[in-house]
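Participant: Structure: my_file.cif, mmCIF, C-alpha atoms.
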```cif
data_structure
loop_
_atom_site.label_atom_id
_atom_site.label_comp_id
_atom_site.auth_asym_id
_atom_site.auth_seq_id
_atom_site.Cartn_x
_atom_site.Cartn_y
_atom_site.Cartn_z
CA MET A 5 12.81 29.62 -15.77
CA ARG A 6 11.17 29.56 -19.21
CA ALA A 7 14.50 28.87 -20.93
CA SER A 8 15.06 25.90 -18.62
CA ARG A 9 11.56 24.61 -19.42
CA LEU A 10 12.13 24.90 -23.17
CA LEU A 11 15.35 22.93 -22.85
CA SER A 12 13.60 20.30 -20.73
CA LEU A 13 10.87 20.02 -23.37
CA LEU A 14 13.48 19.36 -26.05
CA LEU A 15 15.27 16.79 -23.92
CA LEU A 16 12.03 14.99 -23.13
CA LEU A 17 11.23 14.67 -26.83
CA GLN A 18 14.79 13.61 -27.54
CA GLN A 19 14.50 10.91 -24.88
CA HIS A 20 10.99 9.62 -25.56
CA GLY A 21 10.60 10.26 -29.29
CA ARG A 22 6.98 11.43 -29.27
CA LEU A 23 4.86 12.96 -26.52
CA THR A 24 1.48 14.68 -26.52
CA ALA A 25 0.93 18.17 -25.16
CA ALA A 26 -0.86 16.66 -22.19
CA GLN A 27 2.08 14.34 -21.42
CA LEU A 28 4.57 17.18 -21.73
CA ALA A 29 2.42 19.39 -19.53
CA GLU A 30 2.26 16.71 -16.84
CA ARG A 31 6.03 16.17 -16.84
CA LEU A 32 6.81 19.90 -16.78
CA THR A 33 4.00 20.77 -14.34
CA VAL A 34 2.44 23.39 -16.60
CA SER A 35 -0.78 23.62 -18.59
CA PRO A 36 -1.19 22.27 -22.17
CA ARG A 37 -1.73 25.88 -23.28
CA THR A 38 1.77 26.71 -22.01
CA ILE A 39 3.16 23.76 -24.00
CA TYR A 40 1.49 25.12 -27.17
CA ARG A 41 3.19 28.49 -26.62
CA ASP A 42 6.53 26.84 -25.93
CA VAL A 43 6.29 24.80 -29.13
CA ASP A 44 5.57 27.99 -31.10
CA SER A 45 8.66 29.59 -29.57
CA LEU A 46 10.81 26.61 -30.50
CA HIS A 47 9.48 26.73 -34.06
CA ALA A 48 10.37 30.43 -34.23
CA ALA A 49 13.90 29.56 -33.05
CA GLY A 50 14.31 27.12 -35.95
CA ILE A 51 14.07 23.88 -33.97
CA PRO A 52 12.86 21.08 -36.34
CA LEU A 53 9.88 20.11 -34.21
CA TYR A 54 6.53 19.01 -35.61
CA GLY A 55 3.23 17.71 -34.33
CA GLU A 56 0.64 15.26 -35.56
CA ALA A 57 -3.04 15.19 -34.61
CA GLY A 58 -5.07 12.12 -33.80
CA HIS A 59 -5.06 9.32 -31.26
CA ALA A 60 -1.43 8.35 -31.97
CA GLY A 61 -0.31 11.93 -32.49
CA GLY A 62 1.95 14.20 -30.52
CA TYR A 63 5.10 16.27 -30.88
CA GLN A 64 8.45 14.93 -31.98
CA LEU A 65 11.76 16.09 -33.38
CA VAL A 66 12.86 15.46 -36.95
CA ASP A 67 14.70 12.14 -37.12
CA GLY A 68 18.40 12.52 -36.48
CA TRP A 69 18.18 15.94 -34.85
CA ARG A 70 19.65 16.18 -31.35
CA THR A 71 20.34 19.09 -29.06
CA ARG A 72 23.69 19.37 -27.34
CA LEU A 73 22.46 22.01 -24.92
CA THR A 74 22.94 19.74 -21.93
CA GLY A 75 25.14 21.97 -19.77
CA LEU A 76 24.45 21.79 -16.06
CA THR A 77 23.31 24.78 -14.04
CA ALA A 78 25.13 25.61 -10.82
CA GLY A 79 22.26 24.21 -8.74
CA GLU A 80 22.19 20.99 -10.73
CA ALA A 81 25.93 20.50 -10.43
CA ASP A 82 25.72 21.12 -6.67
CA ARG A 83 23.15 18.36 -6.30
CA LEU A 84 24.65 15.87 -8.75
CA PHE A 85 25.22 13.32 -5.98
CA LEU A 86 21.46 13.12 -5.37
CA ALA A 87 20.64 12.11 -8.95
CA GLY A 88 20.25 8.46 -7.99
CA LEU A 89 18.19 9.17 -4.87
CA PRO A 90 14.90 10.71 -6.03
CA GLY A 91 13.08 9.97 -2.76
CA PRO A 92 15.57 11.74 -0.46
CA ALA A 93 15.96 14.53 -3.05
CA ASP A 94 12.22 15.20 -2.89
CA GLU A 95 12.33 15.25 0.91
CA LEU A 96 15.13 17.80 0.81
CA GLY A 97 13.15 20.01 -1.59
CA TYR A 98 15.48 19.37 -4.53
CA GLY A 99 13.20 17.09 -6.55
CA ASP A 100 12.69 19.43 -9.52
CA VAL A 101 16.41 20.20 -9.80
CA VAL A 102 17.36 16.52 -9.67
CA ASP A 103 14.72 15.61 -12.26
CA ALA A 104 16.18 18.20 -14.64
CA LEU A 105 19.69 16.94 -13.93
CA ARG A 106 18.80 13.32 -14.63
CA LEU A 107 17.11 14.35 -17.87
CA LYS A 108 20.24 16.20 -19.03
CA LEU A 109 22.53 13.35 -18.08
CA HIS A 110 20.31 10.90 -19.93
CA ALA A 111 20.20 13.07 -23.05
CA ALA A 112 23.99 13.44 -23.08
CA LEU A 113 24.60 9.69 -23.22
CA PRO A 114 25.09 7.76 -26.47
CA ALA A 115 22.11 5.63 -27.46
CA PRO A 116 23.48 2.27 -26.15
CA LEU A 117 24.30 3.79 -22.77
CA ARG A 118 20.93 5.53 -22.61
CA ASP A 119 19.26 2.15 -23.06
CA ARG A 120 21.39 0.63 -20.31
CA ALA A 121 20.61 3.54 -17.97
CA THR A 122 16.89 3.06 -18.58
CA GLN A 123 17.18 -0.67 -17.92
CA LEU A 124 19.09 0.05 -14.73
CA GLN A 125 16.30 2.30 -13.44
CA GLN A 126 13.75 -0.43 -14.17
CA ARG A 127 15.76 -3.17 -12.45
CA PHE A 128 17.09 -1.49 -9.31
CA HIS A 129 15.12 0.68 -6.93
CA LEU A 130 16.26 2.16 -3.61
CA ASP A 131 13.58 2.40 -0.90
CA THR A 132 15.22 3.45 2.36
CA PRO A 133 12.40 3.40 4.97
CA GLY A 134 11.49 0.18 6.77
CA TRP A 135 8.45 -1.97 6.06
CA TYR A 136 6.40 -0.58 8.91
CA ALA A 137 7.21 3.10 8.54
CA ASP A 138 7.39 5.65 5.75
CA GLY A 139 10.39 7.45 7.22
CA ASP A 140 10.34 10.79 8.95
CA ALA A 141 7.76 13.49 8.54
CA SER A 142 10.24 16.35 8.90
CA PRO A 143 8.67 19.74 8.15
CA GLU A 144 11.94 21.53 8.90
CA LEU A 145 14.10 19.27 6.71
CA THR A 146 14.32 21.66 3.75
CA ARG A 147 15.32 24.63 5.90
CA THR A 148 17.80 22.48 7.78
CA ALA A 149 19.35 21.45 4.46
CA GLU A 150 19.60 25.07 3.36
CA ALA A 151 21.31 26.00 6.63
CA VAL A 152 23.81 23.16 6.09
CA TRP A 153 24.47 24.35 2.54
CA GLN A 154 24.69 28.06 3.36
CA GLN A 155 26.64 27.52 6.61
CA HIS A 156 24.21 29.61 8.64
CA ARG A 157 23.47 29.18 12.30
CA VAL A 158 19.95 28.25 13.29
CA GLU A 159 17.97 28.43 16.49
CA VAL A 160 15.88 25.33 17.05
CA ARG A 161 13.25 24.25 19.51
CA TYR A 162 13.99 20.57 19.94
CA ARG A 163 12.16 17.70 21.62
CA GLY A 164 14.83 15.72 23.43
CA TRP A 165 14.77 12.89 25.96
CA ASN A 166 14.22 15.28 28.85
CA GLY A 167 11.63 17.53 27.22
CA GLU A 168 11.81 20.55 24.95
CA VAL A 169 15.00 22.62 24.75
CA THR A 170 16.14 25.60 22.70
CA ARG A 171 19.55 25.45 21.04
CA VAL A 172 21.64 27.52 18.67
CA LEU A 173 23.27 25.11 16.25
CA GLU A 174 25.90 25.17 13.53
CA PRO A 175 24.75 22.38 11.18
CA TYR A 176 27.65 20.55 9.53
CA GLY A 177 25.76 17.93 7.55
CA LEU A 178 22.69 15.73 7.04
CA VAL A 179 22.60 11.95 7.21
CA LEU A 180 19.80 9.60 6.10
CA LYS A 181 19.87 6.44 8.24
CA GLY A 182 17.16 3.79 8.04
CA GLY A 183 14.66 6.24 6.54
CA ARG A 184 15.33 8.84 9.25
CA TRP A 185 17.12 12.14 8.79
CA TYR A 186 19.74 13.30 11.28
CA VAL A 187 21.57 16.62 11.35
CA VAL A 188 25.12 16.61 12.68
CA ALA A 189 25.59 19.97 14.37
CA ASP A 190 27.76 21.76 16.89
CA GLN A 191 26.82 24.40 19.42
CA PRO A 192 28.87 27.63 19.13
CA GLY A 193 32.03 27.33 21.21
CA ARG A 194 31.44 23.73 22.21
CA GLY A 195 33.66 22.03 19.62
CA ALA A 196 31.93 18.66 19.87
CA PRO A 197 29.34 17.85 17.18
CA ALA A 198 26.28 15.82 18.12
CA THR A 199 23.38 14.26 16.23
CA TYR A 200 19.80 15.53 16.25
CA ARG A 201 16.73 13.84 14.75
CA VAL A 202 15.37 16.31 12.21
CA ASN A 203 11.77 15.30 12.83
CA GLN A 204 12.25 16.21 16.50
CA ILE A 205 12.91 19.83 15.52
CA LEU A 206 9.66 21.56 16.49
CA ALA A 207 10.62 25.00 15.17
CA LEU A 208 13.63 26.37 13.31
CA THR A 209 14.67 29.99 12.91
CA PRO A 210 17.51 30.81 10.48
CA LEU A 211 20.00 33.24 12.01
CA PRO A 212 22.02 35.81 10.03
CA GLN A 213 25.36 34.67 11.45
CA GLU A 214 27.45 32.41 9.24
CA PHE A 215 29.83 29.88 10.75
CA VAL A 216 33.09 28.37 9.58
CA ARG A 217 32.84 24.66 9.07
CA PRO A 218 36.03 22.94 10.33
CA ALA A 219 38.22 22.23 7.33
CA ASP A 220 39.14 18.77 8.65
CA PHE A 221 35.56 17.68 9.40
CA ASP A 222 34.77 14.57 7.33
CA LEU A 223 31.05 13.80 7.59
CA PRO A 224 31.17 10.13 6.41
CA ALA A 225 34.15 9.33 8.67
CA TRP A 226 32.57 11.11 11.66
CA TRP A 227 29.27 9.29 11.16
CA GLN A 228 30.96 5.89 10.88
CA ALA A 229 32.80 6.50 14.16
CA HIS A 230 29.57 7.71 15.77
CA VAL A 231 27.76 4.52 14.76
CA VAL A 232 30.56 2.36 16.19
CA GLN A 233 30.43 4.28 19.49
CA PHE A 234 26.64 4.11 19.57
CA ARG A 235 26.65 0.35 19.15
CA ALA A 236 29.31 -0.05 21.84
CA ARG A 237 27.13 1.91 24.28
CA LEU A 238 23.96 0.16 23.15
CA HIS A 239 24.50 -3.30 24.66
CA ARG A 240 25.98 -2.74 28.11
CA ASP A 241 24.14 -5.54 29.95
CA GLU A 242 23.34 -9.21 29.38
CA ALA A 243 20.38 -11.52 29.77
CA THR A 244 20.54 -15.30 30.05
CA VAL A 245 17.58 -16.86 28.28
CA ARG A 246 16.14 -20.19 27.17
CA LEU A 247 14.91 -20.33 23.58
CA SER A 248 12.72 -22.83 21.76
CA PRO A 249 13.58 -23.74 18.15
CA ALA A 250 10.81 -21.39 16.98
CA GLY A 251 12.13 -18.68 19.30
CA ARG A 252 15.62 -18.96 17.85
CA GLN A 253 14.29 -18.67 14.31
CA ARG A 254 12.14 -15.70 15.24
CA LEU A 255 15.09 -14.00 16.95
CA ARG A 256 17.12 -14.37 13.74
CA GLU A 257 14.36 -12.50 11.91
CA ILE A 258 13.84 -9.62 14.33
CA GLY A 259 17.09 -9.41 16.29
CA SER A 260 20.03 -7.12 15.52
CA ASP A 261 23.28 -8.60 14.21
CA PRO A 262 25.07 -8.35 17.60
CA VAL A 263 22.19 -10.16 19.35
CA VAL A 264 22.06 -12.98 16.80
CA THR A 265 25.85 -13.34 16.84
CA ALA A 266 25.86 -13.51 20.64
CA MET A 267 23.10 -16.13 20.62
CA ASP A 268 25.06 -18.37 18.27
CA ALA A 269 28.35 -17.90 20.12
CA SER A 270 26.95 -18.61 23.60
CA ALA A 271 24.37 -21.29 22.77
CA GLN A 272 24.61 -24.44 24.88
CA PRO A 273 23.52 -27.86 23.58
CA PRO A 274 19.72 -28.09 23.33
CA ASP A 275 17.74 -30.19 25.79
CA ALA A 276 15.39 -33.05 24.91
CA ARG A 277 12.68 -30.56 23.84
CA GLY A 278 15.08 -28.62 21.63
CA TRP A 279 15.34 -25.63 23.99
CA LEU A 280 18.80 -24.16 24.53
CA THR A 281 20.32 -21.57 26.86
CA ALA A 282 22.15 -18.50 25.50
CA VAL A 283 23.42 -15.13 26.68
CA LEU A 284 22.11 -12.08 24.84
CA PRO A 285 23.37 -8.47 25.03
CA ILE A 286 20.65 -6.00 26.09
CA GLU A 287 20.42 -2.23 25.99
CA SER A 288 18.24 -1.78 29.09
CA LEU A 289 15.54 -3.61 31.04
CA THR A 290 12.83 -1.57 29.33
CA HIS A 291 14.15 -2.16 25.83
CA ALA A 292 14.80 -5.87 26.45
CA HIS A 293 11.31 -6.29 27.93
CA GLY A 294 9.71 -4.95 24.75
CA GLU A 295 11.95 -6.93 22.41
CA LEU A 296 11.63 -10.28 24.18
CA LEU A 297 7.85 -9.94 24.42
CA ARG A 298 7.88 -10.28 20.64
CA LEU A 299 9.03 -13.89 21.10
CA GLY A 300 6.00 -14.75 23.23
CA ALA A 301 6.16 -18.13 24.96
CA ASP A 302 9.20 -19.19 22.92
CA VAL A 303 11.63 -17.47 25.30
CA GLU A 304 12.21 -17.74 29.05
CA VAL A 305 14.43 -15.21 30.82
CA LEU A 306 16.59 -16.71 33.56
CA THR A 307 18.57 -13.59 34.50
CA PRO A 308 18.50 -10.75 35.35
CA VAL A 309 15.75 -11.39 37.86
CA ALA A 310 14.29 -7.92 37.36
CA LEU A 311 13.72 -8.60 33.67
CA ARG A 312 12.25 -12.03 34.40
CA GLU A 313 9.83 -10.46 36.90
CA ARG A 314 8.79 -7.78 34.43
CA LEU A 315 7.97 -10.33 31.77
CA ALA A 316 6.15 -12.53 34.29
CA ALA A 317 4.05 -9.56 35.44
CA THR A 318 3.19 -8.71 31.84
CA ALA A 319 2.24 -12.31 31.09
CA ALA A 320 0.04 -12.45 34.20
CA GLY A 321 -1.62 -9.20 33.25
CA LEU A 322 -2.34 -10.46 29.75
CA ALA A 323 -3.72 -13.73 31.08
CA ALA A 324 -6.02 -11.88 33.48
CA LEU A 325 -7.17 -9.50 30.75
CA TYR A 326 -8.07 -12.26 28.33
CA GLU A 327 -9.67 -14.39 31.06
CA THR A 328 -11.90 -11.46 32.01
CA HIS A 329 -12.80 -10.97 28.37
CA ARG A 330 -13.58 -14.69 27.99
CA GLN A 331 -15.85 -14.67 31.04
CA HIS A 332 -17.85 -11.75 29.67
CA ASP A 333 -18.08 -13.05 26.13
CA PRO A 334 -21.67 -14.12 25.33
CA ALA A 335 -20.28 -16.69 22.87
CA ASN A 336 -18.93 -18.62 25.85
CA GLY A 337 -22.32 -18.67 27.57
CA VAL A 338 -21.07 -16.42 30.35
CA THR A 339 -22.07 -12.78 30.86
#
```
Taking this structure as input, can you express it in the form of structure tokens?

Facilitator:
Amino acid sequence: MRASRLLSLLLLLQQHGRLTAAQLAERLTVSPRTIYRDVDSLHAAGIPLYGEAGHAGGYQLVDGWRTRLTGLTAGEADRLFLAGLPGPADELGYGDVVDALRLKLHAALPAPLRDRATQLQQRFHLDTPGWYADGDASPELTRTAEAVWQQHRVEVRYRGWNGEVTRVLEPYGLVLKGGRWYVVADQPGRGAPATYRVNQILALTPLPQEFVRPADFDLPAWWQAHVVQFRARLHRDEATVRLSPAGRQRLREIGSDPVVTAMDASAQPPDARGWLTAVLPIESLTHAHGELLRLGADVEVLTPVALRERLAATAAGLAALYETHRQHDPANGVT
């Protein structure tokens, strides 16, 4: 641990030129006193490192001196693919390892490429969660990742559609989709992997039994096929609707690609007011009810009748609620 920290200290100075003890301590998550001891150890080892006092002071290496001790540890090499994804790496519990890896990779580059890598980090940033959510709060994510890596079975208490269940799982892989983590796992003897939301795992117990991951299981290919199947199952019904110009624009902003494509493909010529009729794919009455409510009075459902009646009942309920509020509002002169 200390040897790794000493190397990280050298690489930080090599990358930044000059840093104070406080800055080094913050980056290495230790105290300034520890930095002073580490600097003494590096001096004793013959590293040409010196410090200057004062407001613009700090530690730096002698000009022209560079370390080539940039070899990767086994853990860093294992997690190389996460080097460009600091957010997900932190969620998985690998943040410190990935930080050390990125530092070593940066130090190993020639100066022109180091500058380009720094510019790249300042110009492109990956933020996977949506605007209105910060992604999953998944307390069992780290242990799930370890089970995937170690190929150990786990027993989970899981909150599914029909309530809580207990399952023994063989986790094949983790997928980050839209800011949400999913574990692709099989049940022993079943031979048919399924997906589980990691933040729906209420409790996880690692089991001592290892499992053999199928040699022909390709996580990216399996996930791509799963997404295609999911989308095919998603829109099994249709709704015929009338949309105002504002409703069509709003639907383009909030609707999924299949819904927007279907609207454009089925749209009939607009009437004198600019309203047109289109056929939209829907997942279910409940889901369509919630989605179309977002369009307010800029959409009218023609069929199915059950969906039209649901929306009408909701609109009537809202009108009654706000009318009651208006009647009891002292500002309107009615109490």

Participant: Can you give me, as a list in words, the residues this file yields under the PyMOL selection byres ((chain A and resi 24) around 7)?

Facilitator: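 This file gives the following for the PyMOL selection byres ((chain A and resi 24) around 7): Arg22, Leu23, Ala25, Ala26, Gln27, Leu28, Gly61, Gly62 and Tyr63 of chain A.
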
Participant: Between atom CA of A:Arg277 and atom CA of A:Ser248, what distance in Å does the model show, to one decimal?

Facilitator: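 Computing it gives 8.0 Å between the two atoms.
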
Participant: I'd like the neighbourhood of stretch 154-161 of chain A as a PyMOL selection string, where a residue qualifies if any of its atoms comes within 12 Å (using all atoms listed in the file), though same-chain residues fewer than 6 positions away should be ignored.

Facilitator: chain A and resi 144+147-148+167-177+187+189-192+200-218

Participant: So what do you get for atom CA of A:Glu150 versus atom CA of A:Val188, distance-wise?

Facilitator: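 So the two atoms, atom CA of A:Glu150 and atom CA of A:Val188, lie 13.7 Å apart.
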
Participant: So what do you get for atom CA of A:Val305 versus atom CA of A:Thr328, distance-wise?

Facilitator: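 Separating atom CA of A:Val305 from atom CA of A:Thr328 is a distance of 26.6 Å.
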
Participant: Can you pull out every residue within 12 Å of stretch 227-231 of chain A, counting all atoms listed in the file, but drop anything in the same chain fewer than 6 positions away, and send it as an NGL selection string?

Facilitator: :A and (176-181 or 186-189 or 196-199 or 221 or 237-238)
